[in-house]
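Below: target.cif (mmCIF, C-alpha atoms)
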```
data_my_file
loop_
_atom_site.label_atom_id
_atom_site.label_comp_id
_atom_site.auth_asym_id
_atom_site.auth_seq_id
_atom_site.Cartn_x
_atom_site.Cartn_y
_atom_site.Cartn_z
CA MET H 1 73.17 236.97 191.48
CA ARG H 2 76.34 237.43 189.45
CA PRO H 3 78.69 235.80 192.00
CA ARG H 4 76.25 232.91 192.34
CA ASN H 5 76.07 232.46 188.57
CA ALA H 6 79.86 232.67 188.31
CA ARG H 7 80.19 230.09 191.07
CA ALA H 8 77.69 227.83 189.33
CA ARG H 9 79.56 228.17 186.06
CA ARG H 10 82.82 227.25 187.80
CA GLN H 11 81.15 224.21 189.33
CA ASP H 12 79.71 223.19 185.96
CA LYS H 13 83.13 223.63 184.36
CA ARG H 14 84.80 221.59 187.10
CA LEU H 15 82.15 218.88 186.74
CA ALA H 16 82.63 218.80 182.95
CA GLU H 17 86.39 218.45 183.38
CA GLN H 18 85.88 215.60 185.84
CA GLN H 19 83.47 213.87 183.48
CA ARG H 20 86.03 214.10 180.70
CA LYS H 21 88.48 212.32 183.00
CA TRP H 22 85.91 209.62 183.74
CA VAL H 23 85.16 209.15 180.05
CA ALA H 24 88.89 209.04 179.33
CA ALA H 25 89.31 206.33 181.98
CA VAL H 26 86.61 204.21 180.30
CA HIS H 27 88.14 204.81 176.87
CA ARG H 28 91.57 203.73 178.18
CA ARG H 29 90.12 200.42 179.34
CA PHE H 30 88.29 200.02 176.02
CA ARG H 31 91.46 200.63 174.01
CA ARG H 32 93.40 198.29 176.28
CA SER H 33 90.85 195.50 175.73
CA VAL H 34 91.02 196.08 171.96
CA ARG H 35 94.82 195.86 172.03
CA ALA H 36 94.63 192.66 174.09
CA ALA H 37 92.16 191.10 171.63
CA VAL H 38 94.39 192.05 168.70
CA ALA H 39 97.45 190.67 170.49
CA TRP H 40 95.76 187.30 171.05
CA LEU H 41 94.65 187.29 167.42
CA VAL H 42 98.30 187.75 166.44
CA VAL H 43 99.23 184.83 168.72
CA LEU H 44 96.58 182.69 167.00
CA LEU H 45 97.89 183.63 163.56
CA ALA H 46 101.45 182.90 164.70
CA GLY H 47 100.39 179.45 165.90
CA VAL H 48 98.60 178.71 162.64
CA GLY H 49 101.63 180.04 160.79
CA GLY H 50 103.84 177.61 162.68
CA PHE H 51 101.77 174.67 161.40
CA LEU H 52 101.85 176.10 157.88
CA VAL H 53 105.64 176.44 158.03
CA ALA H 54 105.93 172.83 159.23
CA GLY H 55 103.72 171.72 156.36
CA VAL H 56 105.74 173.69 153.81
CA VAL H 57 109.00 172.23 155.12
CA ALA H 58 107.59 168.71 154.89
CA GLU H 59 106.25 169.30 151.38
CA THR H 60 109.58 170.80 150.28
CA LEU H 61 111.37 167.69 151.50
CA LEU H 62 109.03 165.55 149.40
CA THR H 63 109.34 167.61 146.21
CA HIS H 64 112.96 168.78 146.37
CA GLY H 65 114.66 166.27 148.66
CA ALA H 66 116.91 163.40 147.59
CA ARG H 67 115.39 159.92 147.28
CA THR H 68 116.66 156.54 148.36
CA ASP H 69 115.22 153.18 149.34
CA GLY H 70 114.84 152.15 152.96
CA LYS H 71 113.47 149.26 154.96
CA VAL H 72 110.85 149.40 157.67
CA ALA H 73 112.54 148.26 160.88
CA ASP H 74 109.57 148.76 163.18
CA VAL H 75 106.02 150.07 162.94
CA SER H 76 103.40 151.12 165.46
CA ASP H 77 100.26 153.22 165.50
CA VAL H 78 102.25 156.39 166.19
CA ALA H 79 105.64 155.93 164.48
CA VAL H 80 107.46 154.14 161.69
CA THR H 81 111.16 153.31 162.09
CA VAL H 82 113.02 153.19 158.78
CA ASP H 83 116.63 152.18 158.04
CA TYR H 84 118.29 153.73 154.96
CA ALA H 85 121.76 154.57 153.72
CA VAL H 86 123.20 157.82 152.35
CA ALA H 87 126.68 157.81 150.76
CA GLY H 88 127.43 154.46 152.36
CA VAL H 89 126.41 155.65 155.85
CA SER H 90 123.58 153.73 157.54
CA LEU H 91 120.92 155.95 159.08
CA ARG H 92 117.72 155.37 160.98
CA ALA H 93 114.72 157.70 161.11
CA VAL H 94 111.66 157.54 163.36
CA ILE H 95 108.82 159.07 161.38
CA ASP H 96 105.39 159.99 162.72
CA HIS H 97 102.74 157.56 161.52
CA LEU H 98 100.04 160.03 160.50
CA SER H 99 98.50 158.34 157.44
CA ASP H 100 96.36 155.24 157.00
CA HIS H 101 99.15 153.46 155.15
CA ARG H 102 99.79 149.99 156.57
CA TYR H 103 103.49 149.35 156.79
CA VAL H 104 104.98 145.90 157.13
CA THR H 105 108.24 145.25 158.93
CA GLY H 106 110.97 144.52 156.38
CA GLU H 107 109.24 146.07 153.40
CA THR H 108 111.12 148.47 151.14
CA VAL H 109 109.83 152.02 151.08
CA PRO H 110 111.03 155.20 149.34
CA VAL H 111 112.70 157.65 151.71
CA PHE H 112 113.09 161.35 150.95
CA TYR H 113 115.80 163.19 152.85
CA ASP H 114 117.55 166.54 152.97
CA PRO H 115 120.98 166.30 151.29
CA ALA H 116 122.29 168.96 153.66
CA ASP H 117 120.95 167.04 156.66
CA PRO H 118 120.36 163.36 155.78
CA HIS H 119 118.87 162.73 159.23
CA ALA H 120 115.86 164.82 158.19
CA ALA H 121 113.78 162.25 156.30
CA ARG H 122 110.20 161.43 155.46
CA LEU H 123 108.10 158.86 153.65
CA PRO H 124 105.70 159.61 150.79
CA ASP H 125 102.67 159.49 153.12
CA ASP H 126 104.18 160.28 156.52
CA VAL H 127 106.47 162.93 157.92
CA SER H 128 108.10 163.76 161.23
CA LEU H 129 106.85 167.10 162.51
CA SER H 130 109.39 169.01 164.58
CA PRO H 131 108.19 169.25 168.20
CA TRP H 132 110.16 172.49 168.57
CA LEU H 133 107.80 174.04 166.04
CA THR H 134 104.53 172.15 166.39
CA LEU H 135 104.25 172.09 170.20
CA PRO H 136 104.61 175.89 170.67
CA SER H 137 102.27 176.40 167.73
CA LEU H 138 99.69 174.06 169.23
CA LEU H 139 99.97 175.77 172.62
CA ALA H 140 99.59 179.20 171.00
CA VAL H 141 96.48 178.11 169.10
CA LEU H 142 94.80 176.48 172.11
CA VAL H 143 95.49 179.35 174.51
CA SER H 144 94.46 182.02 172.01
CA LEU H 145 91.22 180.18 171.19
CA VAL H 146 90.34 180.45 174.88
CA ALA H 147 91.56 184.03 175.33
CA ILE H 148 90.09 185.61 172.19
CA PRO H 149 86.38 185.10 173.10
CA ILE H 150 87.08 186.48 176.58
CA GLU H 151 88.81 189.55 175.18
CA ILE H 152 86.05 190.08 172.62
CA ALA H 153 83.52 189.98 175.47
CA TYR H 154 85.56 192.65 177.25
CA VAL H 155 85.65 194.78 174.09
CA VAL H 156 81.87 194.53 173.68
CA GLY H 157 81.34 195.20 177.38
CA TRP H 158 83.49 198.34 177.38
CA ALA H 159 81.83 199.51 174.16
CA ARG H 160 78.41 199.21 175.85
CA ARG H 161 79.67 201.12 178.88
CA ARG H 162 80.61 204.20 176.87
CA GLY H 163 78.34 207.18 176.32
CA SER H 164 75.93 206.67 179.25
CA PRO H 165 75.11 209.37 181.82
CA TRP H 166 77.08 209.56 185.06
CA PHE H 167 75.76 209.30 188.62
CA PRO H 168 77.68 210.21 191.76
CA ALA H 169 77.93 207.32 194.21
CA THR H 170 79.46 206.20 197.47
CA ALA H 171 81.13 202.81 196.92
CA ILE H 172 81.63 200.30 199.72
CA VAL H 173 83.29 196.92 199.10
CA LEU H 174 81.32 194.27 200.98
CA PRO H 175 83.18 191.49 202.83
CA PRO H 176 83.35 188.02 201.19
CA ARG H 177 80.19 186.00 201.79
CA LEU H 178 81.59 182.51 201.24
CA SER H 179 85.05 182.38 202.81
CA THR H 180 87.37 184.94 204.33
CA THR H 181 90.48 182.82 203.75
CA ALA H 182 90.05 181.84 200.08
CA PRO H 183 91.35 184.30 197.46
CA GLU H 184 88.58 186.69 196.47
CA VAL H 185 87.74 186.56 192.75
CA PHE H 186 84.61 188.68 192.42
CA HIS H 187 84.28 191.77 194.61
CA THR H 188 80.80 192.92 195.56
CA LEU H 189 80.32 196.69 195.79
CA GLU H 190 77.45 198.49 197.45
CA LEU H 191 76.74 201.71 195.58
CA ALA H 192 74.75 204.46 197.27
CA LEU H 193 73.25 206.68 194.56
CA PRO H 194 71.29 209.96 194.75
CA GLY H 195 67.73 209.69 195.99
CA GLY H 196 68.54 207.05 198.59
CA VAL H 197 68.94 204.30 195.99
CA THR H 198 71.37 201.53 196.94
CA ILE H 199 72.41 198.79 194.54
CA GLU H 200 74.89 195.93 194.60
CA ALA H 201 77.18 195.06 191.72
CA LYS H 202 80.05 192.65 191.19
CA THR H 203 83.33 192.94 189.35
CA THR H 204 83.57 190.83 186.20
CA SER H 205 87.22 189.73 186.13
CA VAL H 206 87.86 186.02 186.81
CA LEU H 207 91.46 186.67 187.90
CA PRO H 208 91.90 186.38 191.69
CA GLY H 209 93.07 189.63 193.19
CA ARG H 210 92.53 191.60 189.96
CA TYR H 211 90.68 194.34 191.83
CA ALA H 212 92.07 193.80 195.32
CA PHE H 213 92.98 197.49 195.42
CA LEU H 214 89.28 198.31 195.72
CA ARG H 215 89.48 197.63 199.45
CA ARG H 216 92.14 200.32 199.74
CA ALA H 217 90.47 202.78 197.35
CA GLY H 218 88.48 205.80 198.34
CA ARG H 219 84.72 205.62 198.66
CA THR H 220 83.95 208.45 196.22
CA ALA H 221 83.03 207.16 192.77
CA TRP H 222 80.92 207.79 189.70
CA VAL H 223 78.75 205.17 188.05
CA SER H 224 77.62 204.83 184.45
CA GLY H 225 76.25 202.15 182.19
CA SER H 226 73.04 200.66 180.85
CA GLY H 227 70.93 197.72 181.93
CA ARG H 228 72.92 195.47 184.24
CA THR H 229 76.22 196.44 182.61
CA LEU H 230 77.86 199.16 184.68
CA VAL H 231 81.19 200.86 185.16
CA VAL H 232 82.42 202.60 188.29
CA VAL H 233 85.19 205.17 188.04
CA LEU H 234 87.21 205.75 191.18
CA SER H 235 88.63 209.20 191.65
CA VAL H 236 92.01 207.66 192.50
CA GLY H 237 92.98 204.26 191.10
CA PRO H 238 96.04 202.04 191.63
CA ARG H 239 98.17 204.43 189.55
CA GLY H 240 96.97 207.60 191.20
CA GLU H 241 94.57 208.57 188.39
CA PRO H 242 90.86 207.93 187.71
CA TYR H 243 90.38 204.22 187.11
CA ALA H 244 87.41 202.43 185.53
CA VAL H 245 86.22 199.07 186.87
CA PRO H 246 83.58 197.02 184.99
CA LEU H 247 80.64 195.88 187.08
CA ARG H 248 77.47 193.88 186.68
CA LEU H 249 74.37 194.22 188.80
CA THR H 250 73.69 191.29 191.10
CA SER H 251 70.42 189.41 190.88
CA ALA H 252 69.34 191.07 194.14
CA SER H 253 69.47 194.53 192.54
CA LYS H 254 66.30 195.36 190.67
CA TRP H 255 67.05 198.99 189.86
CA LYS H 256 68.81 199.53 186.55
CA LEU H 257 70.74 202.47 185.18
CA VAL H 258 69.26 203.94 182.01
#
```
Whole structure, structure tokens version:
Amino acid sequence: MRPRNARARRQDKRLAEQQRKWVAAVHRRFRRSVRAAVAWLVVLLAGVGGFLVAGVVAETLLTHGARTDGKVADVSDVAVTVDYAVAGVSLRAVIDHLSDHRYVTGETVPVFYDPADPHAARLPDDVSLSPWLTLPSLLAVLVSLVAIPIEIAYVVGWARRRGSPWFPATAIVLPPRLSTTAPEVFHTLELALPGGVTIEAKTTSVLPGRYAFLRRAGRTAWVSGSGRTLVVVLSVGPRGEPYAVPLRLTSASKWKLV
């Protein structure tokens, strides 16, 4: 009985060590998703900061810039062209028409300019925003507004996948059901669990080829999760270490992990 108990203890110890590796793999993915969400939040703040800097520069030009009189040479719905002179030198500025002010060609308007750079000018109600600052800022804001909800969903998903019991499984990646030539986005895995239970689950990433390595991975895996939100940990991932892949049960699978 002693050798058997010793052997059982070694097996339990080996299983506990493996489970720690699986939990660590899930925690790595959770921390990575948190870092990604924080990074996109920084990008959003940088984009907003770019607009704030542009606004401060424009306001500084209005409050601390030099003033002269100019004449409206042309006006449209998007821009106002103003002629003015600085130290006897004639200059022309094309200023973004952002306000509701109705300019008339030939009218005299006050022009505020930077004494160090007289070409940088604005009107009391309208200002030219630098495309080198506003366009990257706008792009950063738009992209981050799309990315942040996705990353938050990943953070919540990985948080839900932590702390659930583990089940040994045999994982088989099923062939694509729609087209064999189009790039595969979602991979469907067939998971054979103890007790003869077989379920199907799909990867959650929308990036084509994100989990293409699954077709080259080994079939031994461990599954955890709750409800339809699962995670499968492969014994050997793309980097030669246990790797966690988020899954979601398909509508055809009625059995749920608890």
(message) Need to verify the contact set: Ala58 in chain H, 9 Å, all atoms listed in the file, exclusion of same-chain residues closer than 6 positions in sequence. Can you return it as a PyMOL selection string?
(response) chain H and resi 122+127-129
(request) Would you work out the distance separating CA of Val141 in chain H from CA of Val48 in chain H, expressed in Å to one decimal? (result)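 The value is 6.8 Å.
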(message) Just checking: using all atoms listed in the file, which residue out of H:Gly225, H:Val109, H:Phe186, H:Glu151 ends up closest to Leu207 in chain H?
(response)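 Of H:Gly225, H:Val109, H:Phe186, H:Glu151, the one nearest Leu207 in chain H is H:Phe186, counting all atoms listed in the file.
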(request) Would you kindly translate the PyMOL selection byres ((chain H and resi 145) around 12) into the concrete residues it picks from this file, as a list in words? (result)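 Expected selection for the PyMOL selection byres ((chain H and resi 145) around 12) here is Ala37, Trp40, Leu41, Val42, Val43, Leu44, Leu45, Gly47, Val48, Leu138, Leu139, Ala140, Val141, Leu142, Val143, Ser144, Val146, Ala147, Ile148, Pro149, Ile150, Glu151 and Ile152 of chain H.
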(request) Around the point (107.8, 173.3, 168.7), in the coordinates given by the file, pick out the residues reaching within 12 Å, counting only C-alpha atoms, and return them as a list of chain:residue names. (result)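 I get H:Gly47, H:Gly50, H:Phe51, H:Val53, H:Ala54, H:Leu129, H:Ser130, H:Pro131, H:Trp132, H:Leu133, H:Thr134, H:Leu135, H:Pro136, H:Ser137, H:Leu138, H:Leu139, H:Ala140 for the residues within 12 Å of that point.
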(request) Using the chain letters and residue numbers of this document, give as a ChimeraX atom specification the residues selected by the PyMOL selection byres ((chain H and resi 80-86) around 8). (result) /H:68-76,78-79,87-97,103,111,118
(request) Between CA of Pro124 in chain H and CA of Val104 in chain H, measure the distance and give it in Å to one decimal. (result)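 Going from CA of Pro124 in chain H over to CA of Val104 in chain H covers 15.1 Å.
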(request) May I ask which of the residues H:Gly227, H:Pro208, H:Pro242, H:Gly49 is the closest one to Arg161 in chain H, counting all atoms listed in the file? (result)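 With all atoms listed in the file as the atom set, the closest residue is H:Gly227.
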(request) Using the chain letters and numbering of this document, enumerate as a list of chain:residue names the residues selected by the PyMOL selection byres ((chain H and resi 115) around 10). (result) H:Leu61, H:His64, H:Gly65, H:Ala66, H:Arg67, H:Val86, H:Phe112, H:Tyr113, H:Asp114, H:Ala116, H:Asp117, H:Pro118, H:His119, H:Ala120, H:Ala121
Next, write the just-selected residues to a file, as a CSV table (one decimal), in the coordinates of the input, keeping C-alpha atoms as the atom set.
```csv
chain,number,residue,atom,x,y,z
H,61,LEU,CA,111.4,167.7,151.5
H,64,HIS,CA,113.0,168.8,146.4
H,65,GLY,CA,114.7,166.3,148.7
H,66,ALA,CA,116.9,163.4,147.6
H,67,ARG,CA,115.4,159.9,147.3
H,86,VAL,CA,123.2,157.8,152.4
H,112,PHE,CA,113.1,161.4,151.0
H,113,TYR,CA,115.8,163.2,152.8
H,114,ASP,CA,117.6,166.5,153.0
H,116,ALA,CA,122.3,169.0,153.7
H,117,ASP,CA,121.0,167.0,156.7
H,118,PRO,CA,120.4,163.4,155.8
H,119,HIS,CA,118.9,162.7,159.2
H,120,ALA,CA,115.9,164.8,158.2
H,121,ALA,CA,113.8,162.2,156.3
```
(message) If I take CA of Ser224 in chain H and CA of Ala212 in chain H, how far is one from the other in Å, to one decimal?
(response)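 Going from CA of Ser224 in chain H over to CA of Ala212 in chain H, I get 21.2 Å.
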Would you fill out range 128-154 of chain H with N, CA, C and O atoms and return it as a CSV table (one decimal), keeping the file's coordinate frame?
```csv
chain,number,residue,atom,x,y,z
H,128,SER,N,107.8,163.4,159.8
H,128,SER,CA,108.1,163.8,161.2
H,128,SER,C,108.0,165.3,161.4
H,128,SER,O,108.7,166.0,160.8
H,129,LEU,N,107.0,165.7,162.2
H,129,LEU,CA,106.8,167.1,162.5
H,129,LEU,C,107.7,167.5,163.7
H,129,LEU,O,107.7,166.8,164.7
H,130,SER,N,108.5,168.6,163.5
H,130,SER,CA,109.4,169.0,164.6
H,130,SER,C,108.6,169.4,165.8
H,130,SER,O,107.8,170.4,165.8
H,131,PRO,N,108.9,168.8,167.0
H,131,PRO,CA,108.2,169.2,168.2
H,131,PRO,C,108.6,170.7,168.6
H,131,PRO,O,107.8,171.3,169.3
H,132,TRP,N,109.7,171.1,168.2
H,132,TRP,CA,110.2,172.5,168.6
H,132,TRP,C,109.3,173.5,167.9
H,132,TRP,O,109.2,174.7,168.3
H,133,LEU,N,108.6,173.1,166.8
H,133,LEU,CA,107.8,174.0,166.0
H,133,LEU,C,106.3,173.8,166.3
H,133,LEU,O,105.5,174.7,166.5
H,134,THR,N,105.9,172.5,166.3
H,134,THR,CA,104.5,172.2,166.4
H,134,THR,C,104.0,172.3,167.8
H,134,THR,O,102.9,172.8,168.0
H,135,LEU,N,104.8,172.0,168.8
H,135,LEU,CA,104.2,172.1,170.2
H,135,LEU,C,104.0,173.6,170.6
H,135,LEU,O,102.9,173.9,171.1
H,136,PRO,N,104.9,174.5,170.4
H,136,PRO,CA,104.6,175.9,170.7
H,136,PRO,C,103.4,176.4,169.8
H,136,PRO,O,102.6,177.2,170.3
H,137,SER,N,103.4,176.0,168.6
H,137,SER,CA,102.3,176.4,167.7
H,137,SER,C,100.9,175.9,168.3
H,137,SER,O,99.9,176.6,168.3
H,138,LEU,N,100.9,174.6,168.7
H,138,LEU,CA,99.7,174.1,169.2
H,138,LEU,C,99.3,174.8,170.5
H,138,LEU,O,98.1,175.1,170.7
H,139,LEU,N,100.3,175.1,171.4
H,139,LEU,CA,100.0,175.8,172.6
H,139,LEU,C,99.4,177.2,172.3
H,139,LEU,O,98.5,177.6,173.0
H,140,ALA,N,100.0,177.9,171.4
H,140,ALA,CA,99.6,179.2,171.0
H,140,ALA,C,98.2,179.2,170.5
H,140,ALA,O,97.3,180.0,170.8
H,141,VAL,N,97.8,178.2,169.7
H,141,VAL,CA,96.5,178.1,169.1
H,141,VAL,C,95.5,177.8,170.2
H,141,VAL,O,94.4,178.5,170.3
H,142,LEU,N,95.8,176.9,171.1
H,142,LEU,CA,94.8,176.5,172.1
H,142,LEU,C,94.6,177.6,173.1
H,142,LEU,O,93.4,177.9,173.4
H,143,VAL,N,95.6,178.3,173.5
H,143,VAL,CA,95.5,179.4,174.5
H,143,VAL,C,94.8,180.5,173.9
H,143,VAL,O,93.9,181.1,174.5
H,144,SER,N,95.1,180.9,172.7
H,144,SER,CA,94.5,182.0,172.0
H,144,SER,C,93.0,181.7,171.7
H,144,SER,O,92.2,182.7,171.8
H,145,LEU,N,92.6,180.5,171.4
H,145,LEU,CA,91.2,180.2,171.2
H,145,LEU,C,90.4,180.3,172.5
H,145,LEU,O,89.2,180.6,172.4
H,146,VAL,N,91.0,180.2,173.6
H,146,VAL,CA,90.3,180.4,174.9
H,146,VAL,C,90.3,181.9,175.2
H,146,VAL,O,89.3,182.5,175.7
H,147,ALA,N,91.4,182.6,174.9
H,147,ALA,CA,91.6,184.0,175.3
H,147,ALA,C,90.8,185.0,174.4
H,147,ALA,O,90.2,186.0,174.9
H,148,ILE,N,90.7,184.7,173.1
H,148,ILE,CA,90.1,185.6,172.2
H,148,ILE,C,88.6,185.8,172.5
H,148,ILE,O,88.2,187.0,172.5
H,149,PRO,N,87.8,184.8,172.8
H,149,PRO,CA,86.4,185.1,173.1
H,149,PRO,C,86.3,185.9,174.4
H,149,PRO,O,85.4,186.8,174.5
H,150,ILE,N,87.1,185.7,175.3
H,150,ILE,CA,87.1,186.5,176.6
H,150,ILE,C,87.4,187.9,176.3
H,150,ILE,O,86.7,188.9,176.8
H,151,GLU,N,88.4,188.2,175.5
H,151,GLU,CA,88.8,189.6,175.2
H,151,GLU,C,87.8,190.2,174.3
H,151,GLU,O,87.5,191.4,174.5
H,152,ILE,N,87.1,189.5,173.4
H,152,ILE,CA,86.0,190.1,172.6
H,152,ILE,C,84.9,190.5,173.5
H,152,ILE,O,84.3,191.5,173.3
H,153,ALA,N,84.6,189.6,174.5
H,153,ALA,CA,83.5,190.0,175.5
H,153,ALA,C,83.9,191.3,176.2
H,153,ALA,O,83.0,192.1,176.5
H,154,TYR,N,85.2,191.4,176.6
H,154,TYR,CA,85.6,192.6,177.2
H,154,TYR,C,85.4,193.9,176.3
H,154,TYR,O,85.0,194.9,176.7
```
